[in-house]
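Quick look at protein.cif (mmCIF, C-alpha atoms):
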```
data_protein
#
loop_
_atom_site.label_atom_id
_atom_site.label_comp_id
_atom_site.auth_asym_id
_atom_site.auth_seq_id
_atom_site.Cartn_x
_atom_site.Cartn_y
_atom_site.Cartn_z
CA MET A 25 230.19 113.10 88.53
CA ALA A 26 226.80 113.91 86.99
CA GLU A 27 226.84 116.15 83.96
CA ASN A 28 225.25 119.58 84.30
CA PRO A 29 222.17 119.43 81.99
CA GLU A 30 222.25 123.19 81.55
CA GLY A 31 225.74 124.24 80.57
CA PRO A 32 227.00 127.65 79.46
CA GLY A 33 226.30 126.83 75.84
CA GLU A 34 222.60 126.38 76.61
CA ARG A 35 222.20 129.56 78.74
CA MET A 36 223.60 131.93 76.11
CA PRO A 37 220.62 131.77 73.72
CA ARG A 38 218.27 132.84 76.54
CA VAL A 39 220.49 135.79 77.43
CA ASN A 40 220.70 136.84 73.79
CA LEU A 41 216.88 136.64 73.44
CA PHE A 42 216.40 138.83 76.52
CA VAL A 43 218.85 141.41 75.20
CA PHE A 44 217.12 141.35 71.81
CA LEU A 45 213.66 141.95 73.35
CA VAL A 46 214.94 144.82 75.50
CA GLY A 47 216.64 146.41 72.50
CA TRP A 48 213.50 146.01 70.36
CA ILE A 49 211.26 147.62 72.99
CA ALA A 50 213.72 150.49 73.44
CA ALA A 51 213.79 151.05 69.66
CA VAL A 52 209.98 151.17 69.51
CA VAL A 53 209.83 153.68 72.38
CA VAL A 54 212.44 155.90 70.71
CA LEU A 55 210.54 155.71 67.40
CA VAL A 56 207.26 156.72 69.07
CA LEU A 57 208.93 159.67 70.81
CA VAL A 58 210.49 160.82 67.56
CA MET A 59 207.13 160.62 65.75
CA MET A 60 205.42 162.58 68.53
CA ALA A 61 208.08 165.28 68.26
CA LEU A 62 207.86 165.51 64.47
CA ILE A 63 204.08 165.27 63.97
CA PRO A 64 202.30 168.57 64.90
CA GLU A 65 199.72 168.42 67.65
CA VAL A 66 196.20 168.15 66.31
CA ASP A 67 193.84 170.80 67.65
CA LEU A 68 190.57 168.91 67.38
CA GLU A 69 188.46 171.79 68.67
CA ALA A 70 189.94 174.17 66.10
CA ASP A 71 189.37 171.63 63.33
CA LEU A 72 185.73 171.21 64.33
CA ALA A 73 185.25 174.97 64.45
CA ALA A 74 186.75 175.29 60.97
CA ILE A 75 184.40 172.61 59.63
CA GLU A 76 181.41 174.33 61.20
CA LYS A 77 182.44 177.68 59.76
CA ALA A 78 182.81 176.17 56.29
CA ASP A 79 179.36 174.57 56.57
CA THR A 80 177.70 177.83 57.62
CA ASP A 81 179.49 180.31 55.36
CA GLN A 82 176.47 180.38 53.08
CA ALA A 83 174.20 181.27 56.00
CA VAL A 84 176.18 184.21 57.35
CA LEU A 85 174.36 187.50 57.02
CA ASP A 86 175.98 189.35 54.14
CA GLY A 87 173.72 192.37 53.98
CA SER A 88 170.82 190.64 52.27
CA LEU A 89 167.64 190.07 54.27
CA PRO A 90 165.41 187.00 54.27
CA SER A 91 163.08 187.14 51.28
CA VAL A 92 160.09 186.76 53.59
CA LEU A 93 160.75 190.33 54.79
CA GLN A 94 159.47 192.90 52.31
CA PRO A 95 160.68 196.53 52.53
CA LEU A 96 157.95 199.12 52.87
CA SER A 97 157.85 201.64 50.06
CA GLY A 98 157.36 205.37 50.54
CA PRO A 99 158.00 207.43 53.67
CA ARG A 100 158.46 205.78 57.04
CA PRO A 101 154.94 204.94 58.28
CA GLU A 102 153.52 206.19 61.58
CA LEU A 103 152.56 203.02 63.46
CA PRO A 104 150.01 203.45 66.25
CA LEU A 105 151.12 200.19 67.86
CA SER A 106 154.76 199.43 68.62
CA GLY A 107 156.95 197.34 70.87
CA SER A 108 160.49 196.16 71.54
CA VAL A 109 161.73 192.66 72.34
CA TYR A 110 165.06 191.84 73.99
CA VAL A 111 166.60 188.45 73.19
CA PRO A 112 169.50 187.29 75.42
CA LEU A 113 172.46 185.83 73.51
CA TYR A 114 175.70 184.17 74.59
CA SER A 115 178.96 184.33 72.67
CA GLY A 116 180.70 182.14 75.28
CA LEU A 117 179.83 179.95 78.26
CA TYR A 118 181.67 178.87 81.39
CA VAL A 119 182.24 175.14 81.83
CA GLY A 120 184.11 173.75 84.81
CA GLY A 121 184.95 177.16 86.24
CA GLN A 122 186.35 178.70 83.07
CA ARG A 123 185.04 179.96 79.74
CA SER A 124 185.47 176.82 77.67
CA LEU A 125 182.77 177.45 75.07
CA THR A 126 183.52 180.37 72.77
CA ASN A 127 182.42 181.67 69.40
CA LEU A 128 178.86 180.47 69.81
CA SER A 129 176.61 181.20 66.84
CA ALA A 130 172.93 182.03 66.95
CA THR A 131 169.96 181.69 64.63
CA LEU A 132 167.45 184.41 65.41
CA SER A 133 163.83 183.76 64.40
CA LEU A 134 161.11 186.42 64.14
CA ARG A 135 157.63 184.91 64.02
CA ASN A 136 154.47 186.82 63.19
CA THR A 137 151.91 184.96 65.29
CA SER A 138 148.93 186.81 63.83
CA ALA A 139 146.79 184.82 61.42
CA ASP A 140 145.53 187.84 59.46
CA GLN A 141 147.62 190.93 60.29
CA THR A 142 150.96 192.05 58.85
CA LEU A 143 153.75 192.76 61.33
CA VAL A 144 156.19 195.59 60.63
CA VAL A 145 159.76 194.97 61.82
CA THR A 146 161.48 198.35 62.06
CA SER A 147 164.99 197.37 63.30
CA VAL A 148 167.13 194.50 64.60
CA THR A 149 170.23 195.54 66.58
CA TYR A 150 172.96 193.37 68.13
CA PHE A 151 174.49 194.58 71.44
CA ASN A 152 177.62 193.16 73.05
CA GLY A 153 178.11 192.68 76.79
CA ASN A 154 179.29 196.28 77.20
CA GLY A 155 175.96 197.58 75.93
CA GLU A 156 177.46 198.76 72.64
CA ALA A 157 175.48 198.40 69.41
CA VAL A 158 178.01 196.58 67.24
CA LEU A 159 175.80 195.25 64.45
CA GLU A 160 172.69 196.63 62.78
CA LEU A 161 170.98 193.80 60.92
CA PHE A 162 168.70 196.40 59.38
CA ASP A 163 167.12 199.69 60.43
CA MET A 164 164.38 200.23 57.85
CA PRO A 165 160.75 199.04 58.17
CA HIS A 166 160.02 195.65 56.63
CA ALA A 167 156.71 193.82 56.49
CA LEU A 168 156.36 190.27 57.78
CA ALA A 169 153.28 188.50 56.45
CA PRO A 170 150.77 186.74 58.73
CA MET A 171 152.17 183.52 60.27
CA ALA A 172 155.49 184.07 58.45
CA THR A 173 158.92 183.60 60.04
CA ALA A 174 162.15 185.46 59.24
CA GLU A 175 165.49 183.98 60.31
CA PHE A 176 168.92 185.56 60.73
CA TYR A 177 172.21 183.74 61.28
CA ILE A 178 174.54 185.65 63.62
CA ASP A 179 178.19 184.64 63.72
CA GLN A 180 179.49 185.94 67.07
CA SER A 181 183.14 184.99 66.54
CA GLY A 182 184.12 188.56 65.66
CA MET A 183 182.05 190.28 68.36
CA ASP A 184 183.90 191.86 71.30
CA GLY A 185 182.58 192.63 74.73
CA GLY A 186 182.50 189.42 76.76
CA PRO A 187 180.54 186.18 76.74
CA VAL A 188 177.08 187.76 76.96
CA ALA A 189 175.21 189.73 74.33
CA GLY A 190 171.70 190.54 73.21
CA VAL A 191 169.49 191.54 70.31
CA VAL A 192 166.75 194.18 70.40
CA VAL A 193 163.97 193.84 67.85
CA LYS A 194 161.63 196.79 67.34
CA TRP A 195 158.27 196.17 65.69
CA GLY A 196 155.01 197.93 64.97
CA ALA A 197 151.58 197.49 63.42
CA GLU A 198 148.78 199.63 62.02
CA THR A 199 146.02 197.71 63.83
CA SER A 200 145.70 195.48 66.87
CA ILE A 201 147.94 192.45 66.48
CA ALA A 202 149.28 189.56 68.51
CA PRO A 203 152.85 190.23 69.66
CA PRO A 204 155.61 188.49 67.71
CA LEU A 205 157.39 185.43 69.05
CA ILE A 206 161.14 186.01 68.90
CA GLU A 207 163.78 183.51 70.00
CA ALA A 208 167.34 182.43 69.28
CA VAL A 209 168.83 178.96 68.92
CA ILE A 210 172.44 179.12 70.15
CA VAL A 211 174.91 176.40 69.18
CA GLY A 212 178.59 175.67 69.78
CA ASN A 213 181.21 172.95 70.25
CA TYR A 214 182.84 171.64 73.43
CA GLY A 215 185.70 169.32 72.47
CA VAL A 216 184.15 166.58 70.35
CA LYS A 217 180.67 167.37 71.67
CA SER A 218 178.17 170.02 70.64
CA ILE A 219 175.73 172.09 72.65
CA SER A 220 172.54 173.92 71.72
CA PHE A 221 169.82 175.73 73.59
CA VAL A 222 166.98 178.19 72.98
CA SER A 223 166.81 181.74 74.33
CA ARG A 224 163.39 183.38 74.16
CA GLY A 225 162.84 187.11 73.86
CA GLU A 226 161.12 189.28 76.45
CA SER A 227 159.03 192.34 75.65
CA LEU A 228 160.48 195.57 76.99
CA PRO A 229 158.11 197.91 78.85
CA GLN A 230 157.03 200.98 76.93
CA LEU A 231 157.36 204.49 78.32
CA GLY A 232 154.26 205.59 80.17
CA GLN A 233 153.16 202.05 81.00
#
```
The structure in this file should be written as structure tokens.
Amino acid sequence: MAENPEGPGERMPRVNLFVFLVGWIAAVVVLVLVMMALIPEVDLEADLAAIEKADTDQAVLDGSLPSVLQPLSGPRPELPLSGSVYVPLYSGLYVGGQRSLTNLSATLSLRNTSADQTLVVTSVTYFNGNGEAVLELFDMPHALAPMATAEFYIDQSGMDGGPVAGVVVKWGAETSIAPPLIEAVIVGNYGVKSISFVSRGESLPQLGQ
């Protein structure tokens, strides 16, 4: 009778190896599950927002105005020319059917486009989506030199009233002057990506016109 080349003594090592591999894989899976349960979930969006806030803390308006704006001394002047500009802002945006972008910040720029005339900026007011004036950047006349630009950083994280907002800038001049160019650069994060866009101001019609 021919001998069986593969007896029980030779099959056992293969069985033991299979059992060892299954046990090793099961141990790895259990270890991964335990680590996932013990390690807190990382909120990448919150971390990015915290980094951005830390980077821009120095730029947040703290009551001081840009040095390019000079307060006018004496009584409030009577300005024969005046105007108002509305700048649309967004504190949140809808992405994929829901508001996924929140706490958008804005850099507001006021540009005197006249080459030889001083522009007087009388007030800059932030309105939320409910039409409420929630922040007065300043309400006293300040002079902006010819071709100069004043910038304000607006952190909208603490503003209430929905995803839309706006800023009204009132200006004046003693003589004929080119209207100011006013716009806002709005930035925010969406997951690991960032978004930015420009919103340009529109002059509001004056009474009697």
If the PyMOL selection byres ((chain A and resi 156) around 12) is run on the structure shown, which residues does it catch, given as a list in words?
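Selected by the PyMOL selection byres ((chain A and resi 156) around 12) in this file: Thr149, Tyr150, Phe151, Asn152, Gly153, Asn154, Gly155, Ala157, Val158, Leu159, Glu160, Met183, Asp184, Gly185, Gly186, Val188, Ala189, Gly190, Val191 and Val192 of chain A.
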Between A:Val119, A:Ala139, A:Ala197, A:Val144, which one has atoms that come closest to Leu103 (chain A), using all atoms listed in the file?
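Of A:Val119, A:Ala139, A:Ala197, A:Val144, the one nearest Leu103 (chain A), counting all atoms listed in the file, is A:Ala197.
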Any idea what's packed within 7 Å of Phe176 (chain A), counting all atoms listed in the file, ignoring anything in its chain fewer than 2 positions away? Could you give it as a ChimeraX atom specification?
/A:85,131-133,174,178
Restricting it to C-alpha atoms, dump the selection as a PDB file, keeping the file's coordinate frame.
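Written file, result30.pdb:
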```
ATOM      1  CA  LEU A  85     174.360 187.500  57.020  1.00  0.00           C
ATOM      2  CA  THR A 131     169.960 181.690  64.630  1.00  0.00           C
ATOM      3  CA  LEU A 132     167.450 184.410  65.410  1.00  0.00           C
ATOM      4  CA  SER A 133     163.830 183.760  64.400  1.00  0.00           C
ATOM      5  CA  ALA A 174     162.150 185.460  59.240  1.00  0.00           C
ATOM      6  CA  ILE A 178     174.540 185.650  63.620  1.00  0.00           C
TER       7      ILE A 178
END
```
In Å, rounded to a single decimal, give me how far CA of His166 (chain A) is from CA of Ser147 (chain A).
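Atom-to-atom, CA of Ser147 (chain A) to CA of His166 (chain A), that is 8.5 Å.
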Once you count all atoms listed in the file, which residues end up no further than 8 Å from (152.6, 189.0, 65.5) in the file's frame, shown as a PyMOL selection string?
chain A and resi 135-138+141-143+170-171+201-205
Contacts of region 105-115 of chain A at 8 Å (only C-alpha atoms; same-chain gap of 6+ positions) as a PyMOL selection string
chain A and resi 126-130+180-181+183+186-200+206-208+210+223-230
Using all atoms of region 50-64 of chain A that appear in the file, construct an axis-aligned enclosing box with 6 Å of padding on every side and provide its centre coordinates and edge lengths in Å, rounded to one decimal, as JSON.
```
{"center_x": 208.0, "center_y": 159.5, "center_z": 68.7, "size_x": 23.5, "size_y": 30.1, "size_z": 21.5}
```
Atom pair CA of Leu161 (chain A) / CA of Pro90 (chain A): separation (Å)
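Pair CA of Leu161 (chain A) / CA of Pro90 (chain A) returns 11.0 Å.
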Rounded to one decimal in Å, what is the spacing between CA of Asp179 (chain A) and CA of Leu93 (chain A)?
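Separation of CA of Asp179 (chain A) and CA of Leu93 (chain A): 20.4 Å.
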Which polymer residues have any atom within 9 Å of an atom of Ser220 (chain A), counting only C-alpha atoms, with same-chain residues fewer than 2 positions away left out, as JSON, numbers by chain?
{"A": [209, 210, 211, 212, 213, 218, 222]}
When you look at Gln94 (chain A) with a cut-off of 10 Å (counting all atoms listed in the file), what residues show up, excluding the ones that are within fewer than 3 positions of it in the same chain? I need them as a list in words.
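Once the adjacent positions are removed, what remains is Leu89, Pro90, Ser91, Ser97, Val144, Val145, Pro165, His166, Ala167, Leu168 and Ala169 of chain A.
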Smallest atom-to-atom distance to Ala172 (chain A): which of A:Leu134, A:Leu41, A:Ile49, A:Val58, using only C-alpha atoms?
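Going through A:Leu134, A:Leu41, A:Ile49, A:Val58 one by one, the smallest distance to Ala172 (chain A) is for A:Leu134.
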